[in-house]
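Text of the file protein_1.csv, holding CSV, C-alpha atoms:
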```csv
chain,number,residue,atom,x,y,z
A,1,MET,CA,-79.2,28.8,10.5
A,2,ALA,CA,-81.2,25.8,9.5
A,3,THR,CA,-82.9,23.7,12.2
A,4,SER,CA,-84.8,21.4,9.8
A,5,GLY,CA,-84.4,20.2,6.3
A,6,ASN,CA,-81.2,19.4,4.5
A,7,ILE,CA,-78.1,21.6,4.6
A,8,ARG,CA,-76.0,22.2,1.6
A,9,PHE,CA,-72.4,23.3,1.6
A,10,GLY,CA,-70.1,23.2,-1.4
A,11,ASP,CA,-71.0,20.1,-3.4
A,12,TYR,CA,-72.4,18.3,-0.4
A,13,VAL,CA,-75.7,18.0,1.4
A,14,LEU,CA,-76.3,16.8,4.9
A,15,ASN,CA,-79.4,14.8,4.4
A,16,ARG,CA,-81.1,14.9,7.8
A,17,ALA,CA,-83.9,12.6,6.8
A,18,ARG,CA,-81.5,9.8,5.9
A,19,GLY,CA,-78.9,10.8,8.5
A,20,CYS,CA,-76.0,10.8,6.0
A,21,LEU,CA,-73.7,13.0,4.0
A,22,GLU,CA,-74.4,13.1,0.3
A,23,HIS,CA,-72.5,14.4,-2.7
A,24,ALA,CA,-73.7,15.9,-6.0
A,25,THR,CA,-72.7,12.6,-7.8
A,26,GLY,CA,-75.3,10.8,-5.7
A,27,ALA,CA,-72.8,9.0,-3.4
A,28,GLY,CA,-73.7,8.8,0.2
A,29,CYS,CA,-71.7,8.3,3.4
A,30,PHE,CA,-73.0,7.3,6.8
A,31,LEU,CA,-70.8,8.6,9.6
A,32,ARG,CA,-70.6,7.4,13.2
A,33,PRO,CA,-73.4,9.0,15.3
A,34,LYS,CA,-71.1,11.4,17.2
A,35,SER,CA,-69.2,12.4,14.0
A,36,TYR,CA,-72.5,13.0,12.2
A,37,ARG,CA,-73.6,15.2,15.1
A,38,VAL,CA,-70.4,17.2,15.0
A,39,LEU,CA,-70.9,17.8,11.3
A,40,GLU,CA,-74.5,18.8,11.8
A,41,VAL,CA,-73.5,21.4,14.4
A,42,LEU,CA,-70.8,22.8,12.1
A,43,ALA,CA,-73.2,22.8,9.1
A,44,GLU,CA,-75.9,24.6,11.1
A,45,ARG,CA,-73.3,27.3,11.9
A,46,ARG,CA,-71.5,27.2,8.5
A,47,ASP,CA,-69.2,30.1,7.9
A,48,GLN,CA,-69.0,30.7,11.7
A,49,LEU,CA,-66.2,29.7,14.0
A,50,VAL,CA,-67.4,27.0,16.4
A,51,SER,CA,-65.2,26.6,19.5
A,52,LYS,CA,-64.2,23.2,20.8
A,53,ASP,CA,-66.0,23.9,24.0
A,54,ASP,CA,-69.3,24.6,22.1
A,55,LEU,CA,-68.9,21.4,20.1
A,56,VAL,CA,-68.3,19.3,23.1
A,57,LEU,CA,-71.4,20.8,24.9
A,58,GLU,CA,-73.6,20.2,21.8
A,59,VAL,CA,-72.4,16.7,21.1
A,60,TRP,CA,-71.6,15.4,24.6
A,61,PRO,CA,-74.0,17.5,26.8
A,62,ASP,CA,-73.7,15.5,30.0
A,63,VAL,CA,-70.5,13.6,29.5
A,64,ILE,CA,-66.9,14.6,30.3
A,65,VAL,CA,-64.8,13.8,27.2
A,66,SER,CA,-61.2,14.6,26.1
A,67,ASP,CA,-60.2,16.7,23.1
A,68,ASP,CA,-59.3,13.3,21.5
A,69,SER,CA,-62.9,12.4,21.1
A,70,LEU,CA,-63.7,15.6,19.2
A,71,ALA,CA,-60.5,15.2,17.1
A,72,HIS,CA,-61.5,11.6,16.1
A,73,CYS,CA,-64.9,12.9,14.9
A,74,VAL,CA,-63.3,15.7,12.9
A,75,SER,CA,-60.9,13.1,11.3
A,76,ASP,CA,-64.0,11.0,10.3
A,77,ILE,CA,-65.6,14.0,8.7
A,78,ARG,CA,-62.4,14.9,6.8
A,79,ARG,CA,-62.2,11.4,5.4
A,80,ALA,CA,-65.8,11.5,4.3
A,81,LEU,CA,-65.4,14.9,2.5
A,82,GLY,CA,-62.4,13.7,0.5
A,83,PRO,CA,-59.6,15.8,-1.0
A,84,GLU,CA,-62.0,17.9,-3.0
A,85,GLY,CA,-63.7,19.0,0.2
A,86,ALA,CA,-60.5,19.6,2.1
A,87,ASP,CA,-61.1,23.4,2.1
A,88,LEU,CA,-64.6,23.2,3.5
A,89,LEU,CA,-63.7,22.1,7.0
A,90,ARG,CA,-61.1,24.4,8.4
A,91,THR,CA,-59.1,24.2,11.7
A,92,VAL,CA,-58.7,27.5,13.4
A,93,PRO,CA,-55.6,26.8,15.6
A,94,ARG,CA,-56.2,27.1,19.3
A,95,ARG,CA,-59.8,28.1,18.8
A,96,GLY,CA,-62.0,25.5,17.0
A,97,TYR,CA,-63.4,24.6,13.6
A,98,MET,CA,-65.4,26.2,10.8
A,99,LEU,CA,-67.4,24.6,8.0
A,100,THR,CA,-67.6,26.9,5.0
A,101,ALA,CA,-70.6,27.1,2.8
A,102,GLY,CA,-68.5,26.9,-0.3
A,103,GLY,CA,-70.6,29.5,-2.1
A,104,GLN,CA,-73.9,27.7,-1.4
A,105,ALA,CA,-75.2,28.6,2.0
A,106,SER,CA,-78.8,27.6,1.6
A,107,ALA,CA,-80.7,25.0,3.5
A,108,VAL,CA,-82.6,22.7,1.0
A,109,SER,CA,-85.7,20.7,1.5
A,110,ALA,CA,-84.9,18.1,-1.2
A,111,SER,CA,-82.2,15.5,-0.9
A,112,ARG,CA,-79.0,16.3,-2.6
A,113,PRO,CA,-75.8,14.3,-2.6
A,114,PRO,CA,-71.6,14.0,-1.1
A,115,ARG,CA,-68.3,11.9,-1.3
A,116,SER,CA,-65.1,10.5,0.5
A,117,ARG,CA,-61.3,10.6,1.2
A,118,ARG,CA,-57.7,9.7,2.9
A,119,LEU,CA,-53.2,10.4,3.2
A,120,LEU,CA,-48.5,10.5,3.7
A,121,SER,CA,-43.4,11.6,3.7
A,122,GLY,CA,-39.9,10.5,5.0
A,123,GLY,CA,-36.3,10.3,4.1
A,124,ALA,CA,-33.0,12.3,4.5
A,125,VAL,CA,-29.5,11.0,4.3
A,126,VAL,CA,-30.1,8.6,7.1
A,127,ALA,CA,-31.8,5.2,7.0
A,128,ILE,CA,-35.4,5.8,7.9
A,129,VAL,CA,-38.4,3.5,8.3
A,130,VAL,CA,-40.6,4.1,5.3
A,131,VAL,CA,-40.7,1.0,3.2
A,132,ALA,CA,-44.5,1.0,3.2
A,133,VAL,CA,-44.7,4.8,2.8
A,134,ALA,CA,-43.7,4.5,-0.8
A,135,VAL,CA,-44.0,7.6,-2.8
A,136,ALA,CA,-44.8,9.7,0.2
A,137,VAL,CA,-41.8,11.9,-0.3
A,138,GLY,CA,-38.8,11.0,1.8
A,139,VAL,CA,-38.3,14.1,3.8
A,140,GLY,CA,-35.8,14.7,6.6
A,141,TRP,CA,-37.9,17.5,8.1
A,142,ARG,CA,-35.7,20.4,9.1
A,143,HIS,CA,-36.3,22.5,12.2
A,144,PRO,CA,-35.0,26.1,12.3
A,145,PRO,CA,-31.5,26.0,14.0
A,146,THR,CA,-31.7,27.1,17.6
A,147,GLY,CA,-28.2,28.6,17.5
A,148,LEU,CA,-27.7,27.1,20.9
A,149,ASP,CA,-24.9,24.9,22.1
A,150,PRO,CA,-26.3,22.1,24.1
A,151,SER,CA,-23.0,21.7,25.9
A,152,ARG,CA,-23.8,24.9,27.8
A,153,GLY,CA,-26.0,22.6,30.0
A,154,ALA,CA,-27.7,23.7,33.1
A,155,ASP,CA,-27.5,27.4,32.3
A,156,LEU,CA,-30.2,26.9,29.6
A,157,PRO,CA,-33.8,26.1,30.4
A,158,ALA,CA,-34.4,22.3,30.1
A,159,LEU,CA,-36.8,22.5,27.1
A,160,ILE,CA,-34.3,24.6,25.1
A,161,GLN,CA,-31.6,22.2,26.0
A,162,ALA,CA,-33.7,19.3,24.8
A,163,ASP,CA,-34.7,21.0,21.5
A,164,ALA,CA,-31.1,21.8,20.8
A,165,LEU,CA,-30.2,18.1,21.2
A,166,LEU,CA,-33.1,17.1,18.9
A,167,ASP,CA,-32.5,19.6,16.2
A,168,ALA,CA,-30.0,17.6,14.2
A,169,ARG,CA,-32.2,14.4,14.1
A,170,ASP,CA,-28.9,12.5,13.7
A,171,TRP,CA,-29.4,8.7,13.7
A,172,GLN,CA,-25.8,8.2,15.1
A,173,ARG,CA,-26.6,10.1,18.3
A,174,ARG,CA,-29.3,8.1,20.0
A,175,GLU,CA,-27.9,9.2,23.4
A,176,ASP,CA,-28.8,12.8,22.6
A,177,ASN,CA,-32.4,11.6,22.0
A,178,GLU,CA,-32.5,9.8,25.4
A,179,LYS,CA,-31.0,12.8,27.2
A,180,ALA,CA,-33.6,15.1,25.6
A,181,ARG,CA,-36.4,12.8,26.6
A,182,THR,CA,-35.2,12.9,30.2
A,183,LEU,CA,-35.1,16.7,30.2
A,184,ILE,CA,-38.6,17.0,28.6
A,185,GLU,CA,-40.1,14.5,31.1
A,186,ALA,CA,-38.8,16.6,33.9
A,187,VAL,CA,-40.4,19.7,32.4
A,188,LEU,CA,-43.8,17.9,32.0
A,189,ALA,CA,-43.6,16.7,35.6
A,190,GLY,CA,-43.9,20.3,36.7
A,191,ASP,CA,-46.0,21.6,33.8
A,192,PRO,CA,-48.2,18.9,32.4
A,193,ASP,CA,-50.0,21.2,30.0
A,194,ASN,CA,-46.9,22.5,28.3
A,195,ALA,CA,-47.8,22.1,24.6
A,196,ALA,CA,-44.2,22.6,23.4
A,197,ALA,CA,-42.9,20.0,25.7
A,198,TRP,CA,-45.5,17.4,24.5
A,199,ALA,CA,-44.5,18.1,20.9
A,200,SER,CA,-40.8,17.7,21.7
A,201,LEU,CA,-41.4,14.5,23.6
A,202,GLY,CA,-43.5,13.1,20.7
A,203,LEU,CA,-40.5,13.9,18.5
A,204,THR,CA,-38.2,11.7,20.6
A,205,TYR,CA,-40.5,8.7,20.1
A,206,TRP,CA,-40.9,9.6,16.4
A,207,LEU,CA,-37.2,9.5,16.0
A,208,GLU,CA,-37.2,6.0,17.5
A,209,VAL,CA,-39.5,4.9,14.7
A,210,ARG,CA,-37.7,6.8,11.9
A,211,HIS,CA,-34.2,5.6,12.5
A,212,LEU,CA,-34.0,1.9,11.7
A,213,ALA,CA,-30.9,1.4,13.9
A,214,TRP,CA,-33.0,2.4,16.9
A,215,GLY,CA,-35.6,-0.2,16.4
A,216,GLY,CA,-38.8,1.8,17.2
A,217,GLY,CA,-42.0,0.2,16.2
A,218,ARG,CA,-45.8,0.4,16.5
A,219,ARG,CA,-45.8,1.1,20.2
A,220,GLU,CA,-43.4,4.1,19.8
A,221,MET,CA,-45.4,5.3,16.8
A,222,THR,CA,-48.6,5.3,18.8
A,223,GLN,CA,-46.9,7.2,21.6
A,224,ALA,CA,-45.4,9.7,19.2
A,225,LEU,CA,-48.8,10.4,17.6
A,226,GLY,CA,-50.6,10.6,20.9
A,227,MET,CA,-48.1,13.1,22.4
A,228,VAL,CA,-48.1,15.4,19.3
A,229,GLU,CA,-51.9,15.3,19.1
A,230,ARG,CA,-52.0,16.3,22.7
A,231,ALA,CA,-49.6,19.2,21.9
A,232,VAL,CA,-52.0,20.3,19.2
A,233,ALA,CA,-55.0,20.0,21.5
A,234,LEU,CA,-53.3,22.2,24.1
A,235,GLY,CA,-52.9,24.9,21.5
A,236,GLY,CA,-49.8,23.8,19.8
A,237,SER,CA,-47.5,25.9,17.6
A,238,ALA,CA,-46.9,25.7,13.9
A,239,ARG,CA,-44.1,23.2,14.7
A,240,ALA,CA,-46.6,20.8,16.4
A,241,HIS,CA,-49.0,20.9,13.5
A,242,ARG,CA,-46.1,20.4,11.0
A,243,LEU,CA,-44.8,17.5,13.1
A,244,LEU,CA,-48.2,15.9,13.1
A,245,ALA,CA,-48.5,16.3,9.4
A,246,GLU,CA,-45.1,14.7,9.0
A,247,MET,CA,-46.1,11.7,11.0
A,248,ARG,CA,-49.4,11.3,9.2
A,249,LEU,CA,-47.5,11.3,6.0
A,250,LEU,CA,-44.5,9.1,7.0
A,251,ALA,CA,-45.9,6.5,9.4
A,252,PRO,CA,-44.7,3.1,8.4
A,253,PHE,CA,-48.0,1.6,9.6
A,254,ALA,CA,-50.8,2.0,7.0
A,255,GLU,CA,-53.6,2.5,9.6
A,256,MET,CA,-51.7,5.4,11.1
A,257,ARG,CA,-51.1,7.2,7.8
A,258,SER,CA,-53.7,9.7,6.6
A,259,PRO,CA,-52.8,12.3,3.9
A,260,LEU,CA,-56.1,14.1,4.5
A,261,ASP,CA,-55.4,14.5,8.2
A,262,ALA,CA,-51.8,15.5,7.2
A,263,LEU,CA,-53.2,18.1,4.8
A,264,ALA,CA,-55.3,19.6,7.5
A,265,SER,CA,-52.4,19.8,9.9
A,266,ALA,CA,-50.1,21.2,7.3
A,267,ARG,CA,-52.7,23.9,6.5
A,268,ALA,CA,-52.9,24.8,10.2
A,269,ALA,CA,-49.1,25.1,10.4
A,270,VAL,CA,-49.1,27.5,7.4
A,271,GLU,CA,-52.0,29.5,8.9
A,272,ILE,CA,-49.9,30.0,12.1
A,273,ALA,CA,-46.6,30.7,10.4
A,274,PRO,CA,-47.2,31.4,6.7
A,275,GLY,CA,-43.6,32.7,6.2
A,276,ASP,CA,-41.9,29.4,7.2
A,277,PRO,CA,-40.8,27.6,4.0
A,278,ASP,CA,-40.7,24.3,5.8
A,279,ASN,CA,-44.4,24.7,6.5
A,280,LEU,CA,-45.1,25.4,2.9
A,281,ILE,CA,-43.1,22.4,1.6
A,282,VAL,CA,-44.9,20.0,4.0
A,283,LEU,CA,-48.2,21.4,2.8
A,284,ALA,CA,-47.0,21.0,-0.8
A,285,HIS,CA,-46.2,17.4,-0.2
A,286,ALA,CA,-49.6,16.7,1.3
A,287,LEU,CA,-51.3,18.5,-1.6
A,288,ALA,CA,-49.3,16.5,-4.2
A,289,LEU,CA,-50.3,13.2,-2.6
A,290,THR,CA,-54.0,14.1,-2.5
A,291,GLY,CA,-54.4,15.0,-6.1
A,292,GLN,CA,-53.7,18.8,-5.9
A,293,ALA,CA,-50.4,18.9,-7.8
A,294,GLN,CA,-50.9,22.4,-9.3
A,295,GLU,CA,-51.5,24.0,-5.9
A,296,ALA,CA,-48.5,21.9,-4.6
A,297,VAL,CA,-46.3,23.5,-7.3
A,298,ARG,CA,-47.4,26.9,-6.2
A,299,MET,CA,-46.4,26.2,-2.6
A,300,ILE,CA,-43.1,24.7,-3.7
A,301,GLU,CA,-42.2,27.8,-5.6
A,302,GLU,CA,-43.2,30.1,-2.8
A,303,ALA,CA,-41.1,28.1,-0.3
A,304,ARG,CA,-38.2,28.3,-2.7
A,305,HIS,CA,-38.6,32.0,-2.9
A,306,ARG,CA,-38.6,32.3,0.9
A,307,ALA,CA,-35.8,29.8,1.7
A,308,SER,CA,-32.2,30.9,1.8
A,309,ASP,CA,-31.1,27.4,0.6
A,310,SER,CA,-32.7,24.4,-1.0
A,311,PRO,CA,-32.0,21.2,1.0
A,312,ASP,CA,-32.4,17.8,-0.6
A,313,TRP,CA,-35.8,17.1,0.8
A,314,TYR,CA,-37.2,20.3,-0.9
A,315,ARG,CA,-35.9,18.8,-4.2
A,316,GLU,CA,-37.7,15.5,-3.4
A,317,VAL,CA,-41.0,17.2,-2.8
A,318,ALA,CA,-40.5,19.5,-5.8
A,319,GLY,CA,-39.7,16.5,-8.1
A,320,LEU,CA,-42.9,14.8,-7.0
A,321,GLY,CA,-45.0,17.9,-7.4
A,322,TYR,CA,-43.6,18.8,-10.9
A,323,LEU,CA,-44.1,15.2,-12.2
A,324,LEU,CA,-47.7,15.0,-11.0
A,325,ALA,CA,-48.4,18.5,-12.3
A,326,GLY,CA,-47.4,17.5,-15.9
A,327,GLN,CA,-43.9,19.1,-15.9
A,328,PRO,CA,-41.6,16.1,-16.1
A,329,ALA,CA,-38.6,18.0,-17.4
A,330,ARG,CA,-38.6,20.2,-14.3
A,331,ALA,CA,-39.0,17.0,-12.2
A,332,VAL,CA,-35.9,15.6,-13.8
A,333,GLU,CA,-34.0,18.8,-12.9
A,334,GLU,CA,-35.0,18.4,-9.3
A,335,LEU,CA,-34.5,14.6,-8.9
A,336,GLY,CA,-31.5,14.2,-11.1
A,337,PRO,CA,-29.0,15.6,-8.6
A,338,LEU,CA,-30.3,13.2,-6.0
A,339,HIS,CA,-29.9,10.1,-8.1
A,340,GLY,CA,-27.0,7.9,-7.2
A,341,SER,CA,-26.7,9.1,-3.6
A,342,ALA,CA,-28.1,5.9,-2.1
A,343,THR,CA,-31.2,6.5,-4.2
A,344,TYR,CA,-32.1,2.8,-4.2
A,345,THR,CA,-31.0,1.8,-0.8
A,346,GLY,CA,-32.8,1.9,2.6
A,347,ALA,CA,-35.6,4.4,2.6
A,348,ARG,CA,-34.3,6.4,-0.4
A,349,TRP,CA,-35.5,4.0,-3.1
A,350,TRP,CA,-38.6,6.0,-4.1
A,351,PRO,CA,-36.9,9.1,-5.7
A,352,GLY,CA,-35.3,6.7,-8.2
A,353,TRP,CA,-38.7,5.4,-9.4
A,354,LEU,CA,-39.9,9.0,-9.7
A,355,PHE,CA,-36.7,10.0,-11.5
A,356,ALA,CA,-37.2,7.1,-14.0
A,357,ALA,CA,-40.9,8.1,-14.6
A,358,SER,CA,-39.9,11.7,-15.0
A,359,LEU,CA,-37.2,10.9,-17.6
A,360,ALA,CA,-39.7,8.7,-19.5
A,361,HIS,CA,-42.4,11.3,-19.6
A,362,ALA,CA,-39.8,13.9,-20.7
A,363,GLY,CA,-39.0,11.8,-23.7
A,364,ARG,CA,-35.7,10.5,-22.5
A,365,ILE,CA,-36.7,6.8,-22.7
A,366,ASP,CA,-33.2,5.3,-23.0
A,367,ASP,CA,-32.0,7.2,-19.9
A,368,ALA,CA,-35.2,6.1,-18.1
A,369,LYS,CA,-34.5,2.4,-19.0
A,370,ARG,CA,-31.0,2.6,-17.7
A,371,VAL,CA,-32.3,3.9,-14.3
A,372,VAL,CA,-34.9,1.2,-14.1
A,373,ASP,CA,-32.5,-1.6,-15.1
A,374,GLY,CA,-30.1,-0.4,-12.4
A,375,ALA,CA,-32.8,-0.2,-9.8
A,376,ARG,CA,-34.1,-3.7,-10.5
A,377,ARG,CA,-30.7,-5.2,-9.5
A,378,HIS,CA,-31.1,-3.7,-6.0
A,379,GLN,CA,-34.9,-3.5,-5.3
A,380,PRO,CA,-37.5,-6.2,-4.7
A,381,GLU,CA,-40.1,-4.2,-6.7
A,382,ALA,CA,-39.0,-5.6,-10.0
A,383,SER,CA,-42.3,-5.2,-11.8
A,384,ILE,CA,-45.2,-2.7,-12.1
A,385,ALA,CA,-47.2,-4.8,-9.7
A,386,GLY,CA,-44.5,-4.6,-7.0
A,387,VAL,CA,-44.1,-0.9,-7.4
A,388,THR,CA,-47.9,-0.4,-7.4
A,389,GLN,CA,-48.2,-2.1,-4.0
A,390,SER,CA,-45.4,0.1,-2.6
A,391,LEU,CA,-47.0,3.3,-3.8
A,392,ASP,CA,-49.9,3.2,-1.3
A,393,GLY,CA,-48.9,6.5,0.1
A,394,LEU,CA,-50.0,8.2,-3.1
A,395,SER,CA,-53.7,8.3,-2.5
A,396,ASP,CA,-54.6,10.0,-5.8
A,397,ALA,CA,-55.3,7.4,-8.5
A,398,ALA,CA,-54.5,9.7,-11.4
A,399,GLY,CA,-51.1,10.7,-9.8
A,400,ARG,CA,-50.2,7.0,-9.2
A,401,ALA,CA,-51.1,6.3,-12.8
A,402,VAL,CA,-48.6,9.0,-14.0
A,403,VAL,CA,-45.8,7.3,-12.1
A,404,LEU,CA,-46.7,3.8,-13.3
A,405,ASP,CA,-47.2,4.8,-16.9
A,406,GLY,CA,-43.7,6.4,-16.9
A,407,LEU,CA,-42.2,3.2,-15.5
A,408,ARG,CA,-44.0,1.2,-18.3
A,409,LEU,CA,-42.5,3.5,-20.9
A,410,ALA,CA,-39.1,2.9,-19.3
A,411,GLY,CA,-39.5,-0.8,-19.9
A,412,MET,CA,-40.5,-2.1,-16.5
A,413,PRO,CA,-42.5,-5.4,-16.9
A,414,GLY,CA,-46.1,-5.5,-15.8
```

With the file now loaded, output its structure as structure tokens.
Amino acid sequence: MATSGNIRFGDYVLNRARGCLEHATGAGCFLRPKSYRVLEVLAERRDQLVSKDDLVLEVWPDVIVSDDSLAHCVSDIRRALGPEGADLLRTVPRRGYMLTAGGQASAVSASRPPRSRRLLSGGAVVAIVVVAVAVAVGVGWRHPPTGLDPSRGADLPALIQADALLDARDWQRREDNEKARTLIEAVLAGDPDNAAAWASLGLTYWLEVRHLAWGGGRREMTQALGMVERAVALGGSARAHRLLAEMRLLAPFAEMRSPLDALASARAAVEIAPGDPDNLIVLAHALALTGQAQEAVRMIEEARHRASDSPDWYREVAGLGYLLAGQPARAVEELGPLHGSATYTGARWWPGWLFAASLAHAGRIDDAKRVVDGARRHQPEASIAGVTQSLDGLSDAAGRAVVLDGLRLAGMPG
């Protein structure tokens, strides 16, 4: 353990003399004081699990703080490390955090250098709020069926009743969402530390945001995030981590989206329940949007192997992953069956642009032009500039260029 001098991990150095994080390229990043101190403690104990309690005692020795304070610091660090450093800082669900040495565990006396980062998903057959989420794959996240009939009513525990009502995520049944919320609030009144209940309550507010007809906005989005983050802090399940990843990918408000935070949450979900194909697909989506398309494809194929069926949102993520991984013909196979089913209406416009780009990169220029010409009659993004602005969910510049170059090949004006 180093108590003085700089600390190297992966391609980064914590330069204690300057009080900043540096990358091998020479780029430097100055974190907030508390975030810097959290990173320093983790770096001193690299390759060791550091509990949340230990971190709080080290960073806030004489102050009572909530888990949220620590979570904000960890998010700061993840953004500073960037997508390439995503594997260095690991969340150990229910226990704490670990910073890996990345093959270089030595403390160094000379200054060496680090980098920076950021994240997004939404969709299904319903009209969902995603306009600004752009290419962040439109996913109607599926929860494993409970096999329960909510009409059985009082003979079921309240939380099970609530989750049975929420399972469908049906935009036409807002009364089910309200009934579920009432049930969950009653559970929390008697058990305020029930992590599963907080996750389900957060979902009720998230559905308010996702379903346009329900009119949820920034206030509901803030409530949804806060409740699911609380569920995670209380030792949440894979479902809670996956739901948090979904919201960080899908949030219609730019300041609430973070593909990097989503990536960390999705990885945590997979660590808890590695056999759940939904967890693997959510992780694949976050990987694709943060410049790790090859790994995304591997996750997609593993999920497909484990899943008994292949819902549309799997196809949507797969199409994105294959396109960005340089396999446009496979992307066409995935996205083609979705095209025409309201592809350019409501929140489902983005698969059409991906489909057009995939066709163009696969050499089917005439087909791509027909798709683009049809889309321009229905969408306000009638030029490359318009589409570029709406692709803010794709944080990887190289991936964004793949989509835009395909649209240029398809004849979209600049």

Set the distance at 7 Å and use only C-alpha atoms: which residues neighbour Ala197 of chain A once local chain neighbours fewer than 4 positions away are removed? I'd like the list as a CSV table (one decimal) with C-alpha atoms, in the coordinates of the input.
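This is the output file out-v1.csv:
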```csv
chain,number,residue,atom,x,y,z
A,159,LEU,CA,-36.8,22.5,27.1
A,184,ILE,CA,-38.6,17.0,28.6
A,188,LEU,CA,-43.8,17.9,32.0
A,201,LEU,CA,-41.4,14.5,23.6
```

Using all atoms listed in the file, find each residue in segment 254-324 of chain A having at least one atom no more than 9 Å away from segment 60-78 of chain A; report its shortest atom-to-atom pair and that distance in Å (one decimal), rows by chain then rising number, as a Markdown table.
```
| residue | atom | partner | partner_atom | distance |
| --- | --- | --- | --- | --- |
| A:Leu260 | CA | A:Arg78 | CA | 6.8 |
| A:Asp261 | CA | A:Ser75 | CA | 6.5 |
| A:Ala264 | CA | A:Arg78 | CA | 8.5 |
```

### Task
Kindly indicate which residue among A:Ala186, A:Leu391, A:Ala325, A:Val59 lies nearest to Trp198 of chain A, using all atoms listed in the file for the distances.
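Checking each of A:Ala186, A:Leu391, A:Ala325, A:Val59 against Trp198 of chain A, counting all atoms listed in the file, the winner is A:Ala186.
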
### Task
Find the distance between atom CA of Gly319 of chain A and atom CA of Glu334 of chain A and write it in Å to one decimal.
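Interatomic distance here is 5.2 Å.
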
### Message
What does the structure give for the distance between atom CA of Leu243 of chain A and atom CA of Ala286 of chain A, in Å to one decimal?
### Response
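Taking atom CA of Leu243 of chain A and atom CA of Ala286 of chain A, their separation equals 12.8 Å.
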
### Query
So, counting only C-alpha atoms, which residue among A:Arg267, A:Glu302, A:Leu407, A:His361 is closest to Asp373 of chain A?
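Closest to Asp373 of chain A, using only C-alpha atoms: A:Leu407.
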
### Point-to-point distance in Å for atom CA of Thr290 of chain A and atom CA of Ser265 of chain A
13.7 Å

Shell around Gly226 of chain A at 10 Å using only C-alpha atoms, local window under 6 positions removed, as an mmCIF file with C-alpha atoms, in the coordinates of the input:
```cif
data_model
loop_
_atom_site.group_PDB
_atom_site.id
_atom_site.type_symbol
_atom_site.label_atom_id
_atom_site.label_comp_id
_atom_site.auth_asym_id
_atom_site.auth_seq_id
_atom_site.Cartn_x
_atom_site.Cartn_y
_atom_site.Cartn_z
ATOM 1 C CA ASP A 68 -59.300 13.300 21.500
ATOM 2 C CA TRP A 198 -45.500 17.400 24.500
ATOM 3 C CA ALA A 199 -44.500 18.100 20.900
ATOM 4 C CA GLY A 202 -43.500 13.100 20.700
ATOM 5 C CA GLU A 220 -43.400 4.100 19.800
ATOM 6 C CA VAL A 232 -52.000 20.300 19.200
ATOM 7 C CA LEU A 244 -48.200 15.900 13.100
#
```

### Query
Within 10 Å of Val92 of chain A, counting all atoms listed in the file, which residues qualify if same-chain residues fewer than 3 places away don't, as a ChimeraX atom specification?
/A:49-51,89,95-98,267-268,271-272

### Query
Near segment 356-358 of chain A, counting all atoms listed in the file, which residues have an atom at most 6 Å away, once you skip same-chain residues fewer than 5 positions from it, shown as a ChimeraX atom specification?
/A:328,332,368,371,403,406-407

### Task
Counting all atoms listed in the file, note down every residue that has an atom within 6 Å of the point (-74.3, 16.6, 7.2) (file coordinates), as a list in words.
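Answer for this query, in the requested form: Leu14, Leu21, Leu39 and Glu40 of chain A.
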
### Task
Identify which of the residues A:Ala273, A:Val402, A:Leu99, A:Val317 lies closest to Val297 of chain A, counting all atoms listed in the file when measuring atom-to-atom distances.
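So, comparing all the options, the nearest one is A:Val317.
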
### Which residue of A:Arg400, A:His23, A:Arg79, A:Arg239 approaches Ser35 of chain A most closely, using all atoms listed in the file
A:Arg79

Can you pull out every residue within 8 Å of Ala318 of chain A, counting only C-alpha atoms, but drop anything in the same chain fewer than 3 positions away, and send it as a CSV table (one decimal) with C-alpha atoms, keeping the file's coordinate frame?
```csv
chain,number,residue,atom,x,y,z
A,297,VAL,CA,-46.3,23.5,-7.3
A,300,ILE,CA,-43.1,24.7,-3.7
A,314,TYR,CA,-37.2,20.3,-0.9
A,315,ARG,CA,-35.9,18.8,-4.2
A,321,GLY,CA,-45.0,17.9,-7.4
A,322,TYR,CA,-43.6,18.8,-10.9
A,331,ALA,CA,-39.0,17.0,-12.2
A,334,GLU,CA,-35.0,18.4,-9.3
```

### Message
Using all atoms listed in the file for the distances, tell me which of A:Pro274, A:Gly374, A:Gly216, A:Gly291 is nearest to Gly85 of chain A.
### Response
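That would be A:Gly291, the residue with the smallest distance to Gly85 of chain A.
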
### Query
Between A:Leu203, A:Ala195, A:Ala213, A:Ile384, which is the closest to Arg174 of chain A once you count only C-alpha atoms?
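Residue with the minimum atom-to-atom distance to Arg174 of chain A: A:Ala213.
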